>>> print(open('protein.cif').read())   # mmCIF, C-alpha atoms and all ligand atoms
data_coords
loop_
_atom_site.label_atom_id
_atom_site.label_comp_id
_atom_site.auth_asym_id
_atom_site.auth_seq_id
_atom_site.Cartn_x
_atom_site.Cartn_y
_atom_site.Cartn_z
CA MET A 250 -26.48 17.37 91.44
CA GLU A 251 -23.68 14.80 91.43
CA ALA A 252 -21.22 15.05 88.54
CA ARG A 253 -20.55 11.92 86.47
CA LYS A 254 -18.04 9.52 88.05
CA VAL A 255 -15.52 10.05 85.24
CA ILE A 256 -15.62 13.82 85.81
CA LYS A 257 -15.14 13.50 89.56
CA GLU A 258 -12.14 11.23 88.99
CA LEU A 259 -10.53 13.35 86.25
CA ASP A 260 -7.08 14.77 87.03
CA PRO A 261 -7.51 18.54 86.63
CA TYR A 262 -5.58 20.11 83.77
CA VAL A 263 -2.83 22.41 85.08
CA PRO A 264 -2.24 25.26 82.60
CA GLY A 265 0.90 27.43 82.46
CA ARG A 266 0.92 30.48 84.77
CA SER A 267 0.02 33.94 83.44
CA GLU A 268 1.92 37.21 83.86
CA ASP A 269 -0.88 38.73 85.97
CA GLU A 270 -0.85 35.77 88.37
CA ILE A 271 2.90 35.95 88.85
CA ALA A 272 2.95 39.75 89.17
CA ASN A 273 0.38 39.52 91.98
CA GLU A 274 1.74 36.46 93.74
CA PHE A 275 5.41 37.46 93.76
CA ASN A 276 5.01 41.22 93.78
CA VAL A 277 7.05 41.75 90.61
CA LYS A 278 6.32 44.37 87.95
CA LYS A 279 4.47 42.98 84.96
CA GLU A 280 6.89 44.68 82.55
CA ASP A 281 9.84 42.91 84.23
CA ILE A 282 8.38 39.45 83.70
CA VAL A 283 9.99 37.05 81.22
CA LYS A 284 7.44 34.47 80.11
CA LEU A 285 8.90 31.14 79.07
CA GLY A 286 6.05 29.00 80.34
CA SER A 287 3.44 28.42 77.65
CA ASN A 288 5.20 27.85 74.29
CA GLU A 289 3.71 31.01 72.81
CA ASN A 290 4.95 33.41 70.15
CA PRO A 291 6.62 36.14 72.25
CA TRP A 292 6.87 38.66 69.38
CA GLY A 293 3.18 39.50 69.18
CA PRO A 294 0.66 38.84 66.41
CA SER A 295 1.00 39.91 62.79
CA LYS A 296 0.30 43.65 62.41
CA LYS A 297 -2.02 42.73 59.55
CA ALA A 298 -4.03 40.50 61.89
CA VAL A 299 -4.38 43.36 64.38
CA GLU A 300 -5.59 45.71 61.62
CA ALA A 301 -8.10 43.12 60.45
CA ILE A 302 -9.43 42.66 64.01
CA LYS A 303 -9.86 46.42 64.47
CA LYS A 304 -11.74 46.67 61.20
CA GLU A 305 -14.02 43.77 62.09
CA ALA A 306 -14.71 44.93 65.67
CA ASP A 307 -17.78 46.97 64.67
CA GLY A 308 -19.37 43.85 63.21
CA VAL A 309 -19.38 41.64 66.29
CA ASN A 310 -23.09 42.20 66.89
CA ARG A 311 -23.51 39.66 64.06
CA TYR A 312 -23.02 35.90 64.44
CA PRO A 313 -19.83 34.48 62.92
CA GLU A 314 -19.57 33.30 59.33
CA THR A 315 -20.56 29.65 58.93
CA ASP A 316 -19.23 29.47 55.39
CA LEU A 317 -15.54 29.32 56.20
CA HIS A 318 -14.40 28.40 52.71
CA LEU A 319 -12.00 31.33 52.27
CA LEU A 320 -10.14 30.33 55.42
CA VAL A 321 -10.32 26.63 54.63
CA ASP A 322 -8.87 27.31 51.16
CA GLU A 323 -6.08 29.42 52.66
CA LEU A 324 -5.23 26.71 55.22
CA ALA A 325 -5.31 24.04 52.51
CA SER A 326 -2.87 26.04 50.44
CA TYR A 327 -0.59 26.62 53.47
CA ALA A 328 -0.64 22.91 54.33
CA GLY A 329 -0.33 21.73 50.71
CA VAL A 330 -3.56 19.70 50.75
CA LYS A 331 -7.04 20.02 49.21
CA SER A 332 -9.78 22.02 50.91
CA GLU A 333 -11.81 18.83 51.43
CA ASN A 334 -9.00 17.63 53.73
CA VAL A 335 -9.37 20.55 56.17
CA ILE A 336 -11.51 21.27 59.25
CA VAL A 337 -11.17 24.54 61.22
CA THR A 338 -12.03 24.98 64.91
CA GLY A 339 -12.57 28.04 67.08
CA ASP A 340 -11.25 26.84 70.43
CA GLY A 341 -7.85 25.94 69.12
CA ALA A 342 -6.47 22.49 68.47
CA ASP A 343 -8.04 21.57 71.81
CA GLU A 344 -11.46 21.83 70.19
CA LEU A 345 -10.26 19.51 67.40
CA ILE A 346 -9.37 16.88 70.00
CA ASP A 347 -12.81 17.31 71.57
CA VAL A 348 -14.57 17.04 68.20
CA LEU A 349 -12.53 13.94 67.35
CA ALA A 350 -13.71 12.45 70.66
CA LYS A 351 -17.38 13.36 70.09
CA THR A 352 -17.31 12.05 66.54
CA PHE A 353 -15.60 8.70 67.02
CA ILE A 354 -15.47 7.41 70.61
CA GLU A 355 -17.68 4.55 71.74
CA PRO A 356 -17.34 3.95 75.51
CA GLY A 357 -14.60 1.37 76.17
CA ASP A 358 -12.53 2.32 73.12
CA GLU A 359 -8.84 2.52 73.91
CA PHE A 360 -6.44 5.30 72.93
CA ILE A 361 -2.68 4.99 73.11
CA THR A 362 -0.65 7.90 74.35
CA PRO A 363 3.12 7.66 74.84
CA LEU A 364 4.23 9.46 78.02
CA PRO A 365 5.25 12.14 78.67
CA THR A 366 3.12 14.06 76.20
CA TYR A 367 0.48 16.76 75.93
CA THR A 368 -1.88 15.98 78.79
CA TYR A 369 -4.99 17.41 77.19
CA TYR A 370 -5.54 14.29 75.01
CA GLU A 371 -6.36 12.26 78.06
CA PHE A 372 -8.25 15.10 79.72
CA LEU A 373 -10.59 15.44 76.74
CA PHE A 374 -10.94 11.77 75.75
CA LYS A 375 -11.71 10.25 79.15
CA PRO A 376 -15.05 12.05 79.69
CA TYR A 377 -16.38 10.32 76.55
CA GLY A 378 -15.62 6.89 78.02
CA ALA A 379 -12.32 6.22 76.22
CA VAL A 380 -9.62 4.36 78.12
CA PRO A 381 -5.97 5.49 78.03
CA VAL A 382 -3.25 2.93 77.36
CA TYR A 383 0.23 4.28 77.94
CA ALA A 384 3.29 3.78 75.76
CA LYS A 385 6.48 5.74 76.28
CA TRP A 386 9.01 8.21 75.02
CA ASP A 387 12.57 7.08 75.67
CA LEU A 388 13.99 10.10 77.47
CA LYS A 389 17.51 8.72 77.58
CA ASN A 390 17.76 8.48 73.81
CA ASN A 391 15.29 11.31 73.25
CA ALA A 392 13.18 9.24 70.84
CA LEU A 393 9.80 7.56 70.66
CA ASP A 394 9.85 3.99 71.99
CA VAL A 395 8.10 2.59 68.92
CA GLN A 396 7.95 -0.92 70.31
CA SER A 397 6.05 0.32 73.36
CA VAL A 398 3.41 1.75 71.01
CA LEU A 399 3.18 -1.46 68.99
CA ASP A 400 2.92 -3.51 72.22
CA ALA A 401 0.07 -1.31 73.45
CA ILE A 402 -2.12 -2.00 70.39
CA SER A 403 -5.12 -4.26 71.11
CA ASP A 404 -8.36 -5.00 69.28
CA LYS A 405 -9.93 -2.14 71.27
CA THR A 406 -7.40 0.49 70.11
CA LYS A 407 -9.26 3.22 68.28
CA PHE A 408 -6.74 6.09 68.38
CA ILE A 409 -3.01 6.58 68.76
CA PHE A 410 -1.71 10.03 69.67
CA LEU A 411 1.78 10.89 68.43
CA CYS A 412 2.86 14.42 69.14
CA SER A 413 5.66 15.53 66.80
CA PRO A 414 7.58 17.53 67.91
CA ASN A 415 6.45 16.12 71.22
CA ASN A 416 5.38 18.40 74.05
CA PRO A 417 7.30 18.50 76.45
CA THR A 418 10.37 16.66 75.06
CA GLY A 419 10.66 18.50 71.72
CA THR A 420 11.31 15.21 69.91
CA LEU A 421 10.19 14.34 66.38
CA VAL A 422 8.72 11.00 65.36
CA SER A 423 10.52 9.85 62.22
CA GLU A 424 8.58 9.13 59.04
CA GLY A 425 9.73 5.50 59.18
CA ASP A 426 8.43 5.05 62.73
CA LEU A 427 5.14 6.67 61.78
CA ARG A 428 4.70 4.33 58.83
CA THR A 429 5.48 1.32 61.02
CA ILE A 430 2.76 2.34 63.47
CA ILE A 431 0.18 3.39 60.86
CA GLU A 432 0.60 0.13 58.97
CA ALA A 433 0.29 -1.96 62.15
CA THR A 434 -3.23 -0.79 62.97
CA ASP A 435 -6.64 0.36 61.73
CA ALA A 436 -6.80 2.85 64.58
CA LEU A 437 -6.74 6.54 63.70
CA VAL A 438 -3.16 7.73 64.13
CA ILE A 439 -3.36 11.33 65.30
CA ILE A 440 -0.14 13.19 64.56
CA ASP A 441 -0.10 16.42 66.54
CA GLU A 442 1.91 18.95 64.55
CA ALA A 443 1.10 21.97 66.73
CA TYR A 444 4.82 22.88 66.58
CA PHE A 445 5.79 21.56 63.14
CA GLU A 446 6.99 24.93 61.80
CA PHE A 447 9.88 24.98 64.29
CA SER A 448 11.08 21.58 63.09
CA GLU A 449 10.82 22.68 59.45
CA GLN A 450 9.28 19.36 58.51
CA THR A 451 5.80 17.86 58.30
CA GLN A 452 4.28 14.44 57.71
CA VAL A 453 1.20 15.89 56.03
CA ASN A 454 1.68 13.78 52.89
CA LEU A 455 0.75 10.69 54.88
CA ILE A 456 -2.93 11.73 54.76
CA ASN A 457 -2.90 11.10 51.01
CA GLU A 458 -1.43 7.64 51.45
CA TYR A 459 -3.33 6.35 54.46
CA ASP A 460 -6.98 6.68 55.51
CA ASN A 461 -6.16 6.30 59.19
CA VAL A 462 -4.09 9.45 59.67
CA PHE A 463 -5.22 12.71 61.22
CA ILE A 464 -2.96 15.75 61.56
CA ILE A 465 -3.56 18.32 64.29
CA ARG A 466 -2.39 21.89 63.69
CA THR A 467 -2.86 25.21 65.48
CA MET A 468 -2.49 28.93 64.89
CA SER A 469 -1.55 29.46 68.57
CA LYS A 470 2.18 28.95 68.16
CA VAL A 471 4.21 30.35 65.26
CA MET A 472 1.15 32.26 63.98
CA GLY A 473 0.90 34.25 67.22
CA LEU A 474 -2.86 33.85 67.76
CA ALA A 475 -3.04 31.82 71.00
CA GLY A 476 -5.54 34.28 72.47
CA LEU A 477 -7.95 33.82 69.57
CA ARG A 478 -8.02 30.00 69.64
CA ILE A 479 -7.84 28.73 66.05
CA GLY A 480 -7.01 25.14 65.25
CA TYR A 481 -7.22 23.07 62.08
CA GLY A 482 -7.16 19.39 61.29
CA LEU A 483 -6.10 17.56 58.15
CA SER A 484 -7.35 14.13 57.12
CA ASN A 485 -9.29 12.24 54.49
CA PRO A 486 -12.63 13.82 53.48
CA ASP A 487 -14.77 11.15 55.20
CA VAL A 488 -13.22 11.83 58.61
CA ILE A 489 -13.49 15.59 58.01
CA GLN A 490 -17.16 15.40 56.99
CA TYR A 491 -18.16 13.35 60.04
CA MET A 492 -16.42 15.85 62.28
CA TYR A 493 -18.20 18.82 60.65
CA ARG A 494 -21.54 17.19 61.56
CA ILE A 495 -20.88 17.64 65.27
CA LYS A 496 -18.49 20.59 65.47
CA PRO A 497 -20.14 23.65 67.13
CA VAL A 498 -21.31 25.80 64.19
CA PHE A 499 -20.26 29.18 65.61
CA SER A 500 -17.09 28.32 67.52
CA LEU A 501 -14.84 30.37 65.22
CA THR A 502 -15.53 34.01 66.09
CA ARG A 503 -15.61 36.85 63.56
CA LEU A 504 -12.38 38.26 64.99
CA SER A 505 -10.62 34.90 64.80
CA TYR A 506 -11.78 34.47 61.24
CA VAL A 507 -10.36 37.75 59.93
CA ALA A 508 -7.19 37.50 62.03
CA SER A 509 -6.37 34.01 60.83
CA LEU A 510 -6.89 34.95 57.18
CA ALA A 511 -4.68 38.03 57.54
CA THR A 512 -1.95 36.04 59.30
CA LEU A 513 -1.90 33.24 56.74
CA ARG A 514 -1.51 35.85 53.99
CA ASP A 515 1.33 37.56 55.88
CA LYS A 516 4.06 35.19 54.72
CA GLU A 517 6.84 37.49 55.90
CA TYR A 518 5.49 37.42 59.47
CA ILE A 519 5.35 33.61 59.51
CA LYS A 520 8.87 33.36 58.11
CA GLU A 521 10.25 35.82 60.65
CA SER A 522 8.46 34.26 63.63
CA THR A 523 9.83 30.87 62.68
CA ALA A 524 13.39 32.15 62.22
CA LYS A 525 13.39 34.12 65.49
CA SER A 526 11.97 31.17 67.44
CA ILE A 527 14.62 28.82 66.08
CA GLU A 528 17.35 31.34 66.87
CA SER A 529 16.11 31.70 70.46
CA ARG A 530 15.72 27.94 70.88
CA ASP A 531 19.26 27.30 69.69
CA TYR A 532 20.62 30.04 71.95
CA LEU A 533 18.77 28.73 75.02
CA TYR A 534 19.85 25.16 74.30
CA GLN A 535 23.46 26.19 73.93
CA GLU A 536 23.41 28.26 77.16
CA VAL A 537 21.51 25.74 79.31
CA SER A 538 23.88 23.01 78.07
CA LYS A 539 26.72 24.88 79.79
CA PHE A 540 25.24 24.31 83.28
CA LYS A 541 27.06 21.49 85.04
CA ASN A 542 24.00 20.38 86.99
CA LEU A 543 21.29 20.72 84.36
CA HIS A 544 20.56 18.32 81.50
CA VAL A 545 18.64 19.75 78.59
CA LEU A 546 16.97 17.67 75.89
CA GLU A 547 17.69 18.73 72.32
CA SER A 548 14.45 20.05 70.85
CA LYS A 549 12.96 20.59 67.41
CA SER A 550 10.27 22.85 68.80
CA ASN A 551 9.99 26.29 70.42
CA PHE A 552 10.54 24.87 73.92
CA MET A 553 12.85 22.40 75.66
CA LEU A 554 12.74 20.10 78.64
CA ILE A 555 15.32 20.46 81.41
CA ASP A 556 16.18 17.60 83.76
CA LEU A 557 16.88 18.92 87.27
CA HIS A 558 17.91 15.69 89.03
CA ASP A 559 21.46 16.93 89.70
CA SER A 560 20.47 20.51 90.53
CA GLY A 561 19.33 20.05 94.12
CA TYR A 562 15.86 21.40 93.29
CA THR A 563 12.52 19.81 92.49
CA ALA A 564 10.68 21.43 89.59
CA ALA A 565 8.27 23.11 92.02
CA GLU A 566 11.15 24.59 94.04
CA LEU A 567 13.11 25.91 91.07
CA THR A 568 9.96 27.20 89.36
CA ASN A 569 9.09 29.12 92.52
CA ARG A 570 12.55 30.59 92.87
CA LEU A 571 12.56 31.65 89.22
CA MET A 572 9.08 33.12 89.44
CA SER A 573 10.09 35.24 92.42
CA LYS A 574 12.62 36.78 89.99
CA GLY A 575 9.87 37.31 87.38
CA MET A 576 10.85 34.32 85.22
CA ILE A 577 7.84 32.15 84.29
CA VAL A 578 8.77 28.57 83.40
CA ARG A 579 6.64 25.44 83.25
CA ASP A 580 6.82 23.10 86.21
CA CYS A 581 6.24 19.72 84.52
CA THR A 582 5.26 17.83 87.69
CA SER A 583 1.69 17.45 86.40
CA PHE A 584 2.88 15.63 83.24
CA LYS A 585 2.46 11.87 83.55
CA GLY A 586 5.47 9.72 82.69
CA ILE A 587 8.12 11.97 84.26
CA ASP A 588 8.91 12.62 87.90
CA GLU A 589 8.96 15.92 89.77
CA TYR A 590 12.40 16.97 88.47
CA TYR A 591 11.62 18.54 85.08
CA ILE A 592 10.85 22.05 83.90
CA ARG A 593 10.11 23.24 80.38
CA ILE A 594 11.16 26.60 78.98
CA SER A 595 10.02 28.19 75.74
CA VAL A 596 11.53 30.80 73.46
CA ALA A 597 11.62 34.56 74.06
CA SER A 598 13.47 37.55 72.61
CA LEU A 599 17.26 37.17 72.86
CA ASP A 600 17.31 39.92 75.52
CA ASP A 601 14.79 38.03 77.65
CA ASP A 602 16.66 34.76 77.01
CA LYS A 603 19.79 36.41 78.40
CA ARG A 604 17.95 37.72 81.47
CA PHE A 605 16.60 34.23 82.09
CA ILE A 606 20.01 32.60 81.77
CA GLU A 607 21.47 35.19 84.18
CA ALA A 608 18.70 34.50 86.71
CA LEU A 609 19.28 30.77 86.35
CA HIS A 610 23.00 31.22 87.02
CA THR A 611 22.20 32.82 90.37
CA LEU A 612 20.38 29.62 91.42
CA VAL A 613 22.14 26.65 89.76
CA ASP A 614 25.72 25.75 88.80
C1 LIG B 701 1.02 19.49 71.53
C2 LIG B 701 -0.09 20.46 71.60
N1 LIG B 701 -1.19 20.23 70.90
C3 LIG B 701 -2.22 21.07 70.93
C4 LIG B 701 -2.18 22.21 71.70
C5 LIG B 701 -3.39 23.09 71.76
O1 LIG B 701 -3.23 24.24 71.10
P1 LIG B 701 -4.40 25.29 70.94
O2 LIG B 701 -3.92 26.54 71.55
O3 LIG B 701 -4.60 25.40 69.47
O4 LIG B 701 -5.63 24.73 71.62
C6 LIG B 701 -1.05 22.51 72.45
C7 LIG B 701 -0.99 23.71 73.28
O5 LIG B 701 -0.09 24.02 73.99
C8 LIG B 701 0.03 21.59 72.42
O6 LIG B 701 1.14 21.80 73.14
#
>>> encode(input="protein.cif", output="structure tokens")
Amino acid sequence: MEARKVIKELDPYVPGRSEDEIANEFNVKKEDIVKLGSNENPWGPSKKAVEAIKKEADGVNRYPETDLHLLVDELASYAGVKSENVIVTGDGADELIDVLAKTFIEPGDEFITPLPTYTYYEFLFKPYGAVPVYAKWDLKNNALDVQSVLDAISDKTKFIFLCSPNNPTGTLVSEGDLRTIIEATDALVIIDEAYFEFSEQTQVNLINEYDNVFIIRTMSKVMGLAGLRIGYGLSNPDVIQYMYRIKPVFSLTRLSYVASLATLRDKEYIKESTAKSIESRDYLYQEVSKFKNLHVLESKSNFMLIDLHDSGYTAAELTNRLMSKGMIVRDCTSFKGIDEYYIRISVASLDDDKRFIEALHTLVD
């Protein structure tokens, strides 16, 4: 059977490379690999989450809980909102984006996405018939080009994605810029705060002031649960209720449920993960800044974008050279809005950071 036209024309999503892939392809030992490619928490999950998973393992013959109120209450308390403002998903923040699409898109609706940004918005919205309209991030000044967003608004605009800190630039959108955009439109302004903990600031209060704001969050980053796929969204109760009507009932597994509860209650773990990530980010930024032929963008997240134009390598070339030394970085060639001369690196332990910087010194001045 023929697939739908929109599916055949969709640019495939290119995920970060895994340790197994690199170990096989480049014949390096898995234990020697330094993974800086996927913006994960490199220090492992909370011990309390692991204990909770082990305890729950014998119960996986049963379907997941559908009454998620304990987790919703815990997330509400963590985010500083009411439980009625929260929706939880079981395939990460990516499922939230999909549920947003299913709930609200009518074919022909436009969504604005400033480039470069997280490519999954477009990947998930297009199949429902939504049309991307591109605005831009100003890479030179490392800031959102607010005017480009305002200029992109039309009477068909239904959604505006603002990732803050932005993936892959690490840039925050200021509260003032957010208010300017929110007040200029009736479209739903979707603020993706997947990485907000690393910036130590949030715009969550805007959901109490405006009906057209939706905040995306995830437990895949600072919370160390990327492999369990838990996301949560924050917005006004009407938006949340509509989304619950269509969200897959069982998408949050039993193991994800107990692990997310245990992690949220493990405040020390969250504090430590945040502090270690910021320490690693600051170290990597400081060290990469010393390279004469690399230009690194200052980041408020757990990753940073490196401009390779003066290095003599394309992103694909440098990524390959680094991977042959067991260093996994993200080749950003598949990101729209930047050319083939950018890589992104994310935080690791300070020892691994040092190994990476040493490997980089053998390739670039
Ligand atoms: C900006 C941004 N939003 C959302 C996500 C999706 O996260 P999750 O693992 O919860 O699906 C990612 C993942 O890398 C991301 O970078």
>>> residues_near_ligand(input="protein.cif", ligand="ligand LIG 701 (chain B)", cutoff="8 Å", atoms="all atoms listed in the file", output="NGL selection string")
:A and (287-288 or 340-344 or 366-367 or 369 or 412-417 or 441-444 or 465-470 or 475-476 or 478-480)
>>> closest_residue(input="protein.cif", among="A:Leu513, A:Ala384, A:Leu399, A:Val453", to="A:Thr429", atoms="only C-alpha atoms")
A:Leu399
>>> atom_distance(input="protein.cif", atom1="atom CA of A:Val578", atom2="atom CA of A:Ile592")
6.9 Å
>>> residues_near_point(input="protein.cif", point="(-8.8, 18.3, 60.3)", cutoff="7 Å", atoms="only C-alpha atoms", output="JSON, numbers by chain")
{"A": [334, 335, 336, 337, 463, 464, 465, 481, 482, 483, 484, 489]}
>>> residues_around(input="protein.cif", residues="A:Glu258", least_positions_apart="3", cutoff="12 Å", atoms="all atoms listed in the file", output="list in words")
Ala252, Arg253, Lys254, Val255, Pro261, Phe372, Lys375 and Pro376 of chain A
>>> decode(input="protein.cif", residues="stretch 255-344 of chain A", atoms="C-alpha atoms", output="PDB file, in the first residue's frame")
ATOM      1  CA  VAL A 255       3.087  13.784   3.546  1.00  0.00           C
ATOM      2  CA  ILE A 256       4.786  10.697   5.005  1.00  0.00           C
ATOM      3  CA  LYS A 257       6.696   9.956   1.811  1.00  0.00           C
ATOM      4  CA  GLU A 258       7.932  13.550   1.707  1.00  0.00           C
ATOM      5  CA  LEU A 259       8.861  13.773   5.403  1.00  0.00           C
ATOM      6  CA  ASP A 260      12.546  14.388   6.169  1.00  0.00           C
ATOM      7  CA  PRO A 261      13.548  11.434   8.357  1.00  0.00           C
ATOM      8  CA  TYR A 262      14.468  12.295  11.938  1.00  0.00           C
ATOM      9  CA  VAL A 263      18.180  11.672  12.574  1.00  0.00           C
ATOM     10  CA  PRO A 264      18.720  10.683  16.231  1.00  0.00           C
ATOM     11  CA  GLY A 265      22.047  10.868  18.092  1.00  0.00           C
ATOM     12  CA  ARG A 266      24.318   7.801  17.749  1.00  0.00           C
ATOM     13  CA  SER A 267      24.402   5.123  20.463  1.00  0.00           C
ATOM     14  CA  GLU A 268      27.436   3.591  22.181  1.00  0.00           C
ATOM     15  CA  ASP A 269      26.741   0.153  20.650  1.00  0.00           C
ATOM     16  CA  GLU A 270      26.625   1.602  17.128  1.00  0.00           C
ATOM     17  CA  ILE A 271      29.913   3.430  17.565  1.00  0.00           C
ATOM     18  CA  ALA A 272      31.630   0.478  19.269  1.00  0.00           C
ATOM     19  CA  ASN A 273      30.716  -1.739  16.301  1.00  0.00           C
ATOM     20  CA  GLU A 274      31.350   0.757  13.521  1.00  0.00           C
ATOM     21  CA  PHE A 275      34.700   2.068  14.751  1.00  0.00           C
ATOM     22  CA  ASN A 276      35.912  -1.005  16.599  1.00  0.00           C
ATOM     23  CA  VAL A 277      36.362   0.805  19.915  1.00  0.00           C
ATOM     24  CA  LYS A 278      35.661  -0.701  23.340  1.00  0.00           C
ATOM     25  CA  LYS A 279      32.296   0.309  24.750  1.00  0.00           C
ATOM     26  CA  GLU A 280      33.856   1.194  28.110  1.00  0.00           C
ATOM     27  CA  ASP A 281      36.249   3.632  26.384  1.00  0.00           C
ATOM     28  CA  ILE A 282      33.451   5.598  24.745  1.00  0.00           C
ATOM     29  CA  VAL A 283      32.676   9.143  25.891  1.00  0.00           C
ATOM     30  CA  LYS A 284      29.093  10.024  24.980  1.00  0.00           C
ATOM     31  CA  LEU A 285      28.462  13.710  24.412  1.00  0.00           C
ATOM     32  CA  GLY A 286      25.874  13.289  21.686  1.00  0.00           C
ATOM     33  CA  SER A 287      22.364  13.161  23.111  1.00  0.00           C
ATOM     34  CA  ASN A 288      22.056  15.703  25.967  1.00  0.00           C
ATOM     35  CA  GLU A 289      21.489  12.970  28.535  1.00  0.00           C
ATOM     36  CA  ASN A 290      22.285  12.746  32.237  1.00  0.00           C
ATOM     37  CA  PRO A 291      25.652  10.931  32.228  1.00  0.00           C
ATOM     38  CA  TRP A 292      25.606  10.121  35.971  1.00  0.00           C
ATOM     39  CA  GLY A 293      22.903   7.473  35.844  1.00  0.00           C
ATOM     40  CA  PRO A 294      19.394   7.471  37.306  1.00  0.00           C
ATOM     41  CA  SER A 295      18.492   8.067  40.943  1.00  0.00           C
ATOM     42  CA  LYS A 296      19.282   4.972  43.052  1.00  0.00           C
ATOM     43  CA  LYS A 297      15.795   5.312  44.500  1.00  0.00           C
ATOM     44  CA  ALA A 298      14.310   5.080  40.999  1.00  0.00           C
ATOM     45  CA  VAL A 299      16.284   1.894  40.336  1.00  0.00           C
ATOM     46  CA  GLU A 300      15.051   0.354  43.612  1.00  0.00           C
ATOM     47  CA  ALA A 301      11.470   1.283  42.756  1.00  0.00           C
ATOM     48  CA  ILE A 302      11.795  -0.305  39.286  1.00  0.00           C
ATOM     49  CA  LYS A 303      13.169  -3.544  40.760  1.00  0.00           C
ATOM     50  CA  LYS A 304      10.318  -3.701  43.243  1.00  0.00           C
ATOM     51  CA  GLU A 305       7.716  -3.096  40.554  1.00  0.00           C
ATOM     52  CA  ALA A 306       9.209  -5.552  38.029  1.00  0.00           C
ATOM     53  CA  ASP A 307       7.138  -8.495  39.306  1.00  0.00           C
ATOM     54  CA  GLY A 308       3.957  -6.551  38.602  1.00  0.00           C
ATOM     55  CA  VAL A 309       4.415  -5.913  34.889  1.00  0.00           C
ATOM     56  CA  ASN A 310       1.927  -8.627  33.944  1.00  0.00           C
ATOM     57  CA  ARG A 311      -0.683  -6.007  34.903  1.00  0.00           C
ATOM     58  CA  TYR A 312      -1.645  -3.021  32.751  1.00  0.00           C
ATOM     59  CA  PRO A 313      -0.330   0.364  33.908  1.00  0.00           C
ATOM     60  CA  GLU A 314      -2.182   2.599  36.337  1.00  0.00           C
ATOM     61  CA  THR A 315      -4.625   4.925  34.597  1.00  0.00           C
ATOM     62  CA  ASP A 316      -5.199   6.992  37.719  1.00  0.00           C
ATOM     63  CA  LEU A 317      -1.942   8.927  37.697  1.00  0.00           C
ATOM     64  CA  HIS A 318      -2.942  11.431  40.352  1.00  0.00           C
ATOM     65  CA  LEU A 319      -0.025  10.719  42.702  1.00  0.00           C
ATOM     66  CA  LEU A 320       2.449  11.466  39.935  1.00  0.00           C
ATOM     67  CA  VAL A 321       0.461  14.422  38.645  1.00  0.00           C
ATOM     68  CA  ASP A 322       0.369  15.890  42.178  1.00  0.00           C
ATOM     69  CA  GLU A 323       4.116  15.372  42.567  1.00  0.00           C
ATOM     70  CA  LEU A 324       4.832  17.034  39.201  1.00  0.00           C
ATOM     71  CA  ALA A 325       2.490  19.916  40.065  1.00  0.00           C
ATOM     72  CA  SER A 326       4.344  20.473  43.301  1.00  0.00           C
ATOM     73  CA  TYR A 327       7.742  20.310  41.532  1.00  0.00           C
ATOM     74  CA  ALA A 328       6.580  22.798  38.888  1.00  0.00           C
ATOM     75  CA  GLY A 329       4.757  25.072  41.352  1.00  0.00           C
ATOM     76  CA  VAL A 330       1.363  24.763  39.634  1.00  0.00           C
ATOM     77  CA  LYS A 331      -1.972  23.077  40.398  1.00  0.00           C
ATOM     78  CA  SER A 332      -2.607  19.445  39.469  1.00  0.00           C
ATOM     79  CA  GLU A 333      -5.297  20.543  36.985  1.00  0.00           C
ATOM     80  CA  ASN A 334      -2.512  22.261  35.006  1.00  0.00           C
ATOM     81  CA  VAL A 335      -0.559  19.036  34.410  1.00  0.00           C
ATOM     82  CA  ILE A 336      -0.619  16.260  31.792  1.00  0.00           C
ATOM     83  CA  VAL A 337       1.842  13.325  31.905  1.00  0.00           C
ATOM     84  CA  THR A 338       2.953  11.276  28.891  1.00  0.00           C
ATOM     85  CA  GLY A 339       4.721   7.937  28.553  1.00  0.00           C
ATOM     86  CA  ASP A 340       6.771   8.465  25.404  1.00  0.00           C
ATOM     87  CA  GLY A 341       8.548  11.502  26.709  1.00  0.00           C
ATOM     88  CA  ALA A 342       7.971  15.104  25.736  1.00  0.00           C
ATOM     89  CA  ASP A 343       7.819  13.797  22.166  1.00  0.00           C
ATOM     90  CA  GLU A 344       4.461  12.211  22.978  1.00  0.00           C
TER      91      GLU A 344
END
